[in-house]
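run23.txt follows (compact mmCIF, C-alpha atoms):
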# COMPACT_ATOMS: atom_id res chain seq x y z
CA MET A 1 123.79 44.67 89.01
CA GLN A 2 123.69 45.01 85.20
CA LYS A 3 121.74 48.25 85.47
CA GLY A 4 124.24 49.55 87.99
CA PHE A 5 127.12 48.67 85.70
CA ARG A 6 125.57 50.46 82.69
CA LEU A 7 124.84 53.52 84.81
CA LEU A 8 128.37 53.52 86.10
CA THR A 9 129.84 53.36 82.57
CA LEU A 10 127.65 56.33 81.60
CA MET A 11 128.89 58.27 84.59
CA GLN A 12 132.51 57.50 83.82
CA ARG A 13 132.21 58.56 80.18
CA TRP A 14 130.21 61.77 80.44
CA VAL A 15 129.74 62.86 83.96
CA ALA A 16 133.29 62.47 85.28
CA PRO A 17 134.82 65.17 83.03
CA ALA A 18 132.02 67.56 83.98
CA LEU A 19 132.60 66.84 87.64
CA MET A 20 136.31 67.41 87.21
CA ALA A 21 135.64 70.83 85.65
CA LEU A 22 133.22 71.71 88.44
CA ALA A 23 135.67 70.58 91.08
CA LEU A 24 138.63 72.49 89.67
CA GLY A 25 136.57 75.60 88.93
CA GLY A 26 134.67 75.71 92.20
CA CYS A 27 137.36 75.02 94.74
CA ALA A 28 139.40 77.99 95.91
CA ASN A 29 141.97 78.33 98.62
CA LEU A 30 140.46 80.97 100.91
CA GLU A 31 143.02 80.58 103.65
CA ALA A 32 143.76 84.33 103.59
CA ILE A 33 140.13 85.01 104.51
CA LYS A 34 140.22 82.28 107.15
CA ASP A 35 143.31 83.84 108.73
CA PHE A 36 141.74 87.31 108.62
CA GLY A 37 138.59 85.97 110.30
CA ASN A 38 140.47 84.12 113.02
CA LEU A 39 142.78 87.03 113.86
CA SER A 40 139.87 89.49 113.88
CA ALA A 41 137.89 87.16 116.16
CA ASP A 42 140.86 86.94 118.48
CA SER A 43 141.28 90.73 118.54
CA ALA A 44 137.59 91.30 119.20
CA ARG A 45 137.76 88.94 122.17
CA TYR A 46 140.34 91.18 123.91
CA THR A 47 138.43 92.71 126.83
CA ALA A 48 141.29 94.06 128.99
CA LEU A 49 140.58 97.67 127.97
CA THR A 50 136.89 97.25 128.84
CA ASP A 51 137.82 95.71 132.19
CA ALA A 52 140.14 98.63 132.91
CA TYR A 53 137.37 101.14 132.13
CA LEU A 54 134.95 99.40 134.50
CA ALA A 55 137.60 99.36 137.27
CA SER A 56 138.78 102.93 136.60
CA THR A 57 136.88 104.75 139.37
CA GLU A 58 137.91 102.16 141.96
CA MET A 59 141.56 102.48 140.86
CA SER A 60 141.26 106.27 141.18
CA LYS A 61 140.78 105.91 144.95
CA ARG A 62 144.55 105.39 145.17
CA HIS A 63 144.91 109.09 144.33
CA THR A 64 142.70 110.38 147.13
CA MET A 65 143.38 111.06 150.79
CA ARG A 66 142.01 108.47 153.15
CA LYS A 67 140.21 111.15 155.14
CA ASP A 68 138.45 112.42 152.00
CA GLU A 69 135.43 110.15 152.45
CA ALA A 70 133.12 112.27 150.32
CA GLN A 71 135.40 111.95 147.29
CA ARG A 72 135.80 108.18 147.78
CA ALA A 73 132.04 107.75 148.17
CA LYS A 74 131.53 109.69 144.95
CA LEU A 75 134.00 107.40 143.15
CA THR A 76 132.17 104.34 144.48
CA ALA A 77 128.83 105.68 143.21
CA GLN A 78 130.32 106.51 139.80
CA GLY A 79 131.78 103.01 139.56
CA GLN A 80 128.39 101.49 140.30
CA ALA A 81 126.82 103.67 137.61
CA ARG A 82 129.23 102.16 135.06
CA GLN A 83 128.69 98.51 135.96
CA PRO A 84 125.50 98.01 133.84
CA HIS A 85 127.64 99.04 130.86
CA GLY A 86 129.80 95.98 131.45
CA VAL A 87 127.19 93.53 130.13
CA GLN A 88 126.53 95.63 127.04
CA LEU A 89 130.20 96.24 126.34
CA ARG A 90 130.91 92.50 126.41
CA LEU A 91 128.14 92.00 123.84
CA TYR A 92 130.14 94.17 121.45
CA HIS A 93 133.24 92.02 121.89
CA ARG A 94 131.22 88.84 121.53
CA GLY A 95 129.17 90.07 118.55
CA VAL A 96 132.23 90.87 116.44
CA SER A 97 134.25 87.81 117.52
CA GLU A 98 131.43 85.36 116.79
CA TYR A 99 130.75 86.91 113.38
CA MET A 100 134.44 86.76 112.46
CA ALA A 101 134.74 83.18 113.72
CA ALA A 102 131.82 82.19 111.48
CA LEU A 103 133.49 83.98 108.54
CA ALA A 104 136.73 82.07 109.20
CA ALA A 105 134.91 78.75 109.47
CA LEU A 106 133.14 79.26 106.14
CA ALA A 107 136.44 80.21 104.48
CA ALA A 108 138.20 77.14 105.88
CA ASP A 109 139.05 74.45 103.34
CA GLU A 110 139.49 71.51 105.64
CA VAL A 111 136.69 70.25 107.92
CA VAL A 112 135.25 67.24 106.12
CA ASP A 113 137.35 64.26 105.13
CA TYR A 114 135.01 62.95 102.48
CA ASP A 115 137.28 60.09 101.57
CA GLY A 116 137.13 58.95 105.17
CA GLN A 117 133.33 59.14 105.14
CA LEU A 118 132.57 57.92 101.66
CA GLY A 119 135.15 55.13 101.66
CA PRO A 120 133.39 52.90 104.21
CA LEU A 121 130.02 53.70 102.57
CA ILE A 122 131.24 52.56 99.18
CA ASP A 123 132.98 49.50 100.65
CA THR A 124 129.72 48.49 102.31
CA ALA A 125 127.78 49.12 99.09
CA SER A 126 130.29 46.94 97.28
CA SER A 127 130.25 44.10 99.83
CA SER A 128 126.43 44.05 99.89
CA GLY A 129 126.36 43.77 96.10
CA MET A 130 124.93 47.18 95.32
CA ILE A 131 127.93 47.94 93.10
CA GLY A 132 130.45 45.57 91.66
CA ALA A 133 133.82 45.28 93.37
CA GLU A 134 135.65 46.51 90.26
CA GLN A 135 133.48 49.68 90.21
CA ALA A 136 134.16 50.58 93.83
CA GLY A 137 137.44 52.42 93.02
CA PRO A 138 136.11 54.72 90.29
CA VAL A 139 132.88 55.33 92.23
CA ARG A 140 134.87 56.31 95.29
CA ALA A 141 137.03 58.75 93.29
CA MET A 142 134.08 60.44 91.60
CA SER A 143 131.98 60.60 94.72
CA THR A 144 134.76 62.18 96.73
CA LEU A 145 135.37 64.74 94.00
CA LEU A 146 131.68 65.55 93.72
CA ALA A 147 131.14 65.85 97.47
CA ASP A 148 134.20 68.06 97.76
CA ALA A 149 133.20 70.32 94.85
CA VAL A 150 129.58 70.62 95.90
CA THR A 151 130.47 71.44 99.47
CA ASN A 152 133.21 73.93 98.58
CA SER A 153 131.00 75.71 96.05
CA TYR A 154 128.23 75.81 98.62
CA ARG A 155 130.62 77.01 101.28
CA GLN A 156 132.01 79.81 99.10
CA ARG A 157 128.52 80.91 98.08
CA GLU A 158 127.47 81.09 101.72
CA LEU A 159 130.64 83.01 102.59
CA THR A 160 129.81 85.61 99.94
CA ARG A 161 126.25 85.78 101.26
CA LEU A 162 127.53 86.28 104.80
CA ILE A 163 129.85 89.10 103.77
CA ALA A 164 127.04 90.78 101.81
CA ALA A 165 124.56 90.58 104.70
CA GLY A 166 127.06 91.23 107.47
CA ASN A 167 128.96 94.23 106.17
CA ALA A 168 126.52 97.00 107.12
CA PRO A 169 125.91 95.90 110.71
CA LEU A 170 129.59 95.00 111.19
CA GLN A 171 130.74 98.45 110.01
CA GLN A 172 128.30 100.11 112.44
CA VAL A 173 129.25 97.88 115.36
CA VAL A 174 132.99 98.43 114.79
CA ALA A 175 132.41 102.19 114.45
CA ASP A 176 130.58 102.07 117.78
CA MET A 177 133.48 100.21 119.36
CA VAL A 178 135.85 102.94 118.14
CA ARG A 179 133.63 105.57 119.81
CA ILE A 180 133.52 103.49 122.96
CA MET A 181 137.33 103.39 122.96
CA ALA A 182 137.27 107.22 122.86
CA GLY A 183 135.24 107.02 126.07
CA PHE A 184 137.85 104.69 127.60
CA ASP A 185 140.55 107.19 126.63
CA SER A 186 138.59 109.92 128.41
CA ALA A 187 138.38 107.69 131.51
CA ILE A 188 142.19 107.44 131.57
CA ASP A 189 142.40 111.25 131.34
CA ASP A 190 139.96 111.45 134.29
CA GLU A 191 142.21 109.15 136.33
CA ALA A 192 145.29 111.14 135.32
CA ALA A 193 143.56 114.43 136.25
CA LEU A 194 142.73 113.12 139.72
CA TYR A 195 146.27 111.79 140.14
CA GLN A 196 147.80 115.11 139.03
CA ALA A 197 145.61 117.06 141.44
CA HIS A 198 146.54 114.71 144.28
CA TYR A 199 150.25 114.90 143.39
CA GLU A 200 150.25 118.69 143.18
CA GLU A 201 148.51 119.01 146.56
CA LEU A 202 151.02 116.70 148.21
CA MET A 203 153.99 118.42 146.55
CA HIS A 204 152.59 121.82 147.44
CA SER A 205 152.59 121.00 151.15
CA ALA A 206 155.55 118.55 151.26
CA SER A 207 157.97 120.79 149.39
CA LYS A 208 157.76 123.34 152.20
CA THR A 209 158.15 120.99 155.17
CA GLU A 210 159.18 117.52 153.86
CA PRO A 211 161.80 117.85 151.10
CA VAL A 212 162.72 114.13 151.13
CA ALA A 213 159.10 113.08 150.78
CA ALA A 214 158.72 115.64 148.02
CA GLU A 215 161.74 114.17 146.21
CA LEU A 216 160.28 110.63 146.41
CA LEU A 217 156.94 111.86 145.14
CA TRP A 218 158.61 113.62 142.23
CA ARG A 219 160.53 110.46 141.24
CA GLU A 220 157.35 108.37 141.24
CA HIS A 221 155.51 111.05 139.26
CA GLY A 222 157.34 110.36 136.01
CA ALA A 223 156.69 106.61 136.15
CA THR A 224 153.02 107.12 136.98
CA LEU A 225 152.49 109.50 134.07
CA ALA A 226 154.31 107.04 131.80
CA GLY A 227 151.84 104.38 132.92
CA PHE A 228 148.89 106.52 131.87
CA ASP A 229 150.57 107.21 128.50
CA GLN A 230 151.09 103.50 127.92
CA ARG A 231 147.43 102.76 128.56
CA LYS A 232 146.41 105.51 126.14
CA ARG A 233 148.73 104.04 123.50
CA ALA A 234 147.10 100.63 123.99
CA ILE A 235 143.73 102.21 123.29
CA ALA A 236 145.08 104.01 120.22
CA SER A 237 146.50 100.70 118.92
CA TYR A 238 143.20 98.92 119.55
CA ILE A 239 141.36 101.64 117.64
CA GLN A 240 143.80 101.01 114.77
CA THR A 241 143.10 97.28 115.01
CA LEU A 242 139.36 97.89 114.78
CA LYS A 243 139.74 100.28 111.83
CA LYS A 244 141.85 97.76 109.92
CA ILE A 245 139.27 95.02 110.55
CA SER A 246 136.60 97.36 109.26
CA ALA A 247 138.63 98.29 106.15
CA ALA A 248 139.45 94.65 105.35
CA HIS A 249 135.84 93.56 105.60
CA GLN A 250 134.71 96.53 103.48
CA SER A 251 137.25 95.46 100.87
CA LEU A 252 135.81 91.92 100.90
CA PHE A 253 132.31 93.34 100.58
CA ASP A 254 133.26 95.60 97.66
CA GLN A 255 134.87 92.67 95.85
CA ARG A 256 132.58 89.91 97.08
CA ASP A 257 131.85 88.68 93.56
CA ARG A 258 135.50 87.68 93.18
CA ILE A 259 136.65 86.79 96.68
CA SER A 260 138.73 83.90 95.34
CA ASP A 261 140.77 86.18 93.02
CA LYS A 262 144.49 86.30 93.80
CA GLU A 263 144.53 90.09 94.04
CA VAL A 264 141.65 90.17 96.51
CA LEU A 265 143.22 87.47 98.67
CA ALA A 266 146.59 89.24 98.54
CA GLN A 267 144.90 92.44 99.72
CA VAL A 268 143.25 90.56 102.60
CA LYS A 269 146.65 89.15 103.55
CA ARG A 270 148.08 92.69 103.69
CA TYR A 271 145.24 93.86 105.93
CA THR A 272 145.77 90.82 108.17
CA ARG A 273 149.44 91.76 108.57
CA GLU A 274 148.44 95.28 109.57
CA ILE A 275 145.83 94.01 112.04
CA ARG A 276 148.40 91.69 113.56
CA ALA A 277 150.92 94.54 113.93
CA ALA A 278 148.40 96.83 115.65
CA TYR A 279 147.02 94.09 117.89
CA THR A 280 150.53 93.02 118.92
CA LEU A 281 151.09 96.55 120.25
CA VAL A 282 147.87 96.33 122.25
CA ARG A 283 148.90 93.03 123.82
CA ALA A 284 152.43 94.27 124.53
CA ALA A 285 151.12 97.39 126.29
CA GLY A 286 148.72 95.31 128.34
CA LYS A 287 151.45 92.87 129.33
CA SER A 288 153.87 95.53 130.51
CA GLN A 289 151.09 97.19 132.53
CA GLN A 290 150.68 93.96 134.47
CA GLU A 291 154.41 93.62 135.13
CA MET B 1 111.37 121.48 130.82
CA SER B 2 112.82 118.89 128.40
CA THR B 3 116.24 117.42 129.03
CA VAL B 4 118.92 118.12 126.47
CA ARG B 5 121.14 115.11 126.00
CA PRO B 6 124.65 115.68 124.66
CA THR B 7 125.94 113.64 121.75
CA HIS B 8 128.83 111.26 122.29
CA ALA B 9 131.31 113.79 120.87
CA GLU B 10 129.86 116.59 123.01
CA ALA B 11 130.07 114.48 126.17
CA ILE B 12 133.76 113.69 125.46
CA ALA B 13 134.47 117.38 124.79
CA LEU B 14 132.65 118.44 127.98
CA ALA B 15 134.65 115.94 130.03
CA ARG B 16 137.88 117.44 128.69
CA GLN B 17 136.70 121.01 129.35
CA PHE B 18 135.69 120.19 132.94
CA ARG B 19 139.13 118.62 133.56
CA GLU B 20 140.93 121.63 132.11
CA ALA B 21 138.78 124.04 134.15
CA SER B 22 139.57 122.08 137.32
CA ALA B 23 143.32 122.19 136.60
CA ALA B 24 143.19 125.95 135.82
CA LEU B 25 141.36 126.62 139.08
CA ARG B 26 143.96 124.61 141.00
CA ARG B 27 146.84 126.60 139.46
CA PHE B 28 145.03 129.86 140.33
CA ARG B 29 144.43 128.70 143.90
CA HIS B 30 148.07 127.73 144.41
CA ALA B 31 149.26 130.97 142.86
CA HIS B 32 147.03 133.12 145.12
CA GLU B 33 147.09 130.95 148.22
CA GLU B 34 148.05 133.69 150.59
CA ASP B 35 145.41 136.13 149.27
CA LEU B 36 142.46 133.71 149.32
CA GLY B 37 142.26 132.76 152.96
CA GLU B 38 141.27 129.38 154.35
CA ALA B 39 137.54 129.53 153.67
CA ARG B 40 137.91 130.64 150.05
CA GLU B 41 140.60 128.07 149.47
CA ALA B 42 138.30 125.31 150.72
CA GLN B 43 135.55 126.56 148.39
CA PHE B 44 137.92 126.53 145.43
CA LYS B 45 139.02 122.98 146.24
CA LEU B 46 135.40 121.85 146.38
CA ILE B 47 134.66 123.38 142.98
CA GLU B 48 137.77 121.76 141.50
CA GLN B 49 136.68 118.38 142.82
CA SER B 50 133.13 118.87 141.51
CA LEU B 51 134.50 119.69 138.05
CA ARG B 52 136.55 116.48 138.04
CA ASP B 53 133.50 114.51 139.22
CA ALA B 54 131.44 116.09 136.42
CA ALA B 55 134.16 115.10 133.92
CA ARG B 56 133.87 111.47 135.01
CA ASP B 57 130.07 111.64 134.73
CA MET B 58 130.42 112.98 131.18
CA THR B 59 132.80 110.11 130.32
CA THR B 60 130.27 107.58 131.61
CA ALA B 61 127.50 109.34 129.67
CA ALA B 62 129.60 109.26 126.48
CA VAL B 63 129.99 105.48 126.67
CA GLY B 64 126.31 105.05 127.59
CA ILE B 65 125.18 107.08 124.56
CA VAL B 66 127.02 104.74 122.16
CA ILE B 67 125.61 101.67 123.88
CA ASP B 68 122.06 103.02 123.67
CA GLU B 69 122.42 103.94 119.98
CA GLY B 70 124.13 100.69 119.00
CA LYS B 71 121.60 98.10 120.14
CA SER B 72 119.93 97.56 116.76
CA SER B 73 123.24 97.13 114.90
CA LEU B 74 124.41 94.55 117.42
CA ALA B 75 121.14 92.64 117.00
CA ALA B 76 121.47 92.74 113.20
CA LEU B 77 125.03 91.40 113.37
CA ALA B 78 123.95 88.59 115.71
CA ALA B 79 121.16 87.61 113.29
CA VAL B 80 123.61 87.38 110.37
CA THR B 81 125.99 85.30 112.51
CA ASP B 82 123.15 82.93 113.46
CA ASP B 83 122.43 82.33 109.75
CA ALA B 84 126.09 81.53 109.12
CA THR B 85 126.18 79.14 112.07
CA ALA B 86 123.15 77.32 110.66
CA VAL B 87 125.00 76.91 107.34
CA LEU B 88 128.03 75.51 109.15
CA ASP B 89 125.74 73.10 110.99
CA ASP B 90 124.34 71.96 107.62
CA ILE B 91 127.83 71.24 106.34
CA ASP B 92 128.52 69.32 109.53
CA GLY B 93 125.21 67.54 109.02
CA VAL B 94 126.36 66.19 105.67
CA LYS B 95 129.24 64.47 107.43
CA LYS B 96 126.90 62.98 110.03
CA ALA B 97 124.41 61.90 107.37
CA LEU B 98 127.14 60.01 105.56
CA THR B 99 128.07 58.24 108.79
CA VAL B 100 124.45 57.28 109.42
CA ALA B 101 124.05 56.11 105.82
CA THR B 102 127.12 53.91 106.22
CA ALA B 103 125.68 52.39 109.38
CA LEU B 104 122.33 51.78 107.65
CA LEU B 105 124.02 50.03 104.78
CA GLY B 106 126.02 48.00 107.25
CA LEU B 107 122.81 46.81 108.87
CA ALA B 108 121.25 46.13 105.48
CA ALA B 109 124.29 44.05 104.55
CA ALA B 110 124.33 42.14 107.86
CA ILE B 111 120.69 41.02 107.94
CA PRO B 112 120.84 38.66 104.92
CA THR B 113 123.85 36.90 106.42
CA GLY B 114 121.70 35.65 109.27
CA ASN B 115 124.67 36.01 111.58
CA PRO B 116 123.21 37.29 114.88
CA LYS B 117 126.45 38.87 116.10
CA GLU B 118 126.93 40.82 112.88
CA VAL B 119 123.33 42.04 112.99
CA ILE B 120 123.54 43.09 116.63
CA ASP B 121 126.87 44.94 116.09
CA ALA B 122 125.48 46.77 113.04
CA PHE B 123 122.31 47.71 114.93
CA LYS B 124 124.33 49.04 117.90
CA LYS B 125 126.41 51.25 115.58
CA LEU B 126 123.25 52.74 114.09
CA ARG B 127 121.54 53.21 117.45
CA ASP B 128 124.53 55.16 118.83
CA LEU B 129 124.32 57.59 115.90
CA VAL B 130 120.58 58.26 115.86
CA PRO B 131 119.07 60.35 118.71
CA ASP B 132 116.41 58.71 120.86
CA ARG B 133 113.33 60.46 119.44
CA ALA B 134 110.96 59.03 122.08
CA LYS B 135 113.16 60.35 124.90
CA MET B 136 113.47 63.77 123.23
CA GLN B 137 109.69 64.04 122.87
CA GLN B 138 109.13 63.07 126.50
CA GLU B 139 111.61 65.72 127.62
CA LYS B 140 109.73 68.31 125.54
CA GLY B 141 106.44 67.23 127.11
CA ASP B 142 107.83 67.52 130.68
CA ALA B 143 108.88 71.08 129.94
CA ARG B 144 105.27 72.19 129.30
CA ALA B 145 103.26 73.58 132.28
CA ALA B 146 101.20 71.02 134.24
CA PRO B 147 97.37 71.47 134.11
CA THR B 148 96.01 73.86 136.77
CA HIS B 149 92.81 71.99 137.45
CA LYS B 150 91.92 68.39 138.10
CA LEU B 151 89.76 66.58 135.61
CA ASP B 152 86.39 65.46 136.83
CA ALA B 153 86.24 61.77 137.46
Mind turning the file's structure into structure tokens?
Amino acid sequence: MQKGFRLLTLMQRWVAPALMALALGGCANLEAIKDFGNLSADSARYTALTDAYLASTEMSKRHTMRKDEAQRAKLTAQGQARQPHGVQLRLYHRGVSEYMAALAALAADEVVDYDGQLGPLIDTASSSGMIGAEQAGPVRAMSTLLADAVTNSYRQRELTRLIAAGNAPLQQVVADMVRIMAGFDSAIDDEAALYQAHYEELMHSASKTEPVAAELLWREHGATLAGFDQRKRAIASYIQTLKKISAAHQSLFDQRDRISDKEVLAQVKRYTREIRAAYTLVRAAGKSQQE
Amino acid sequence: MSTVRPTHAEAIALARQFREASAALRRFRHAHEEDLGEAREAQFKLIEQSLRDAARDMTTAAVGIVIDEGKSSLAALAAVTDDATAVLDDIDGVKKALTVATALLGLAAAIPTGNPKEVIDAFKKLRDLVPDRAKMQQEKGDARAAPTHKLDA
């Protein structure tokens, strides 16, 4: 007990100020990075455009004549050829979302309530005589500070390490997703081309013999084309979302030695706003497609 | 003869060109409907359809090319994420370790009292926190393949 008391006095006189400096210097509010990570993870999890691509050839059957069995069979075969892509495409979504979720979790500043954990430990140490009752308060305060500082410094170091190691593969994966989106855009153009051909054939014959039917077809035409345009805009907005995620992470990588600086965090916040704006457009386009 | 595979950009461009060719052929057919005759018109329609089918095939190929080229980057990203998850587990482990340490101290404090109820309660708290190592090892052993031959008596 005497030894413990002398050790405790030593800690209070010399170690506590050092711990305070460590705690204040090491802890940084990285909420901007946490928000960026969480929003990017959420955006990467959006698979509606991938689902639409995989269903595209089946949806195209609406723009064929029922008697045209050869064309419908061809569309079925082409749809089957695309299905193996589905598994791979979902790996892209998952790869980016899991990485960004891990980034957000490392940047988070909550998680462990050390006072809640250490408090009972110190109370028990005090009641079993390992430390004196009058030392329990100061020991609790220093221990909480130390645990907090050590963990936050560790957490920030690991976050920097993650950004350093993850940037190259992330940039490539996001670039691949942008190219994949170009493929999805082409699939919409394929659908639109089939629709236009179908519409022109019907109009070509109906306009001569069925003027009312031709009028109805013409009225529907505008809305259908608008639907294709909306889907293309959703893809364009998602490409913007991906590019902003890529730019924000590159910025973190370039400035990884000072990720807790106010300027860096302010820049991340700006990127997050831009990602949110682009992703909101994607969600809005998807929602109105369903309506 | 070796197969020439288009790049992603080439496949996208080819898809667009096939669609445009199909549309141009359709406009020509409609414009010269009366001159073509039924047989020629049917031929034209078939070619138009084939061009649109080829466009869709090129679109599928374009997506497939990216997927094929991107496998190693995806694997590298997953590896980095796994490392980060292990770090997060370590941080979580500190919390659990503190809880276990508290329970250990509780048991250590209870034993000298000689109070059976206190000792039993403290032991139960610790037991609930620590995994059953014997059970885990048995489960590992069950997962291994059974021997394929009988031992001689």
Review point. How many Å lie between atom CA of Ala192 of chain A and atom CA of Arg233 of chain A, rounded to one decimal?
Key: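 Separation between atom CA of Ala192 of chain A and atom CA of Arg233 of chain A: 14.2 Å.
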Exercise for review: Select, from A:Thr47, A:Thr272, A:Thr76, A:Gln255, the residue with the minimum atom-to-atom distance to chain B, counting all atoms listed in the file.
Suggested key: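 Result for the nearest residue to chain B: A:Thr76.
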Practice item. Check the smallest atom-to-atom distance from each of A:Glu134, A:Glu31, A:Glu58, A:Glu201 to chain B using all atoms listed in the file, then report the winner. Key: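 Looking only at the distances to chain B, the closest residue turns out to be A:Glu201.
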Review point. Could you pull the residues within 7 Å of Ile33 of chain A, counting all atoms listed in the file, minus those fewer than 3 positions along the same chain, as a VMD selection string?
Key: chain A and resid 30 36 to 37 104 107 268
Review point. Which residues, written as a PyMOL selection string, have at least one atom at most 10 Å from Ala81 of chain A, with only C-alpha atoms counted and residues fewer than 5 positions away on the same chain left out?
Key: (chain A and resi 54+75-76) or (chain B and resi 57+60-61)
Practice item. Tell me which of B:Ala15, B:Ala42, B:Val4, B:Ala31 sits closest to chain A, counting all atoms listed in the file. Key: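 Closest candidate: B:Ala15.
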Exercise for review: Could you tell me which of B:Leu77, B:Leu46, B:Ala86, B:Ala9 comes closest to chain A if we count all atoms listed in the file?
Suggested key: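 Of the candidates, the smallest distance to chain A is held by B:Leu77.
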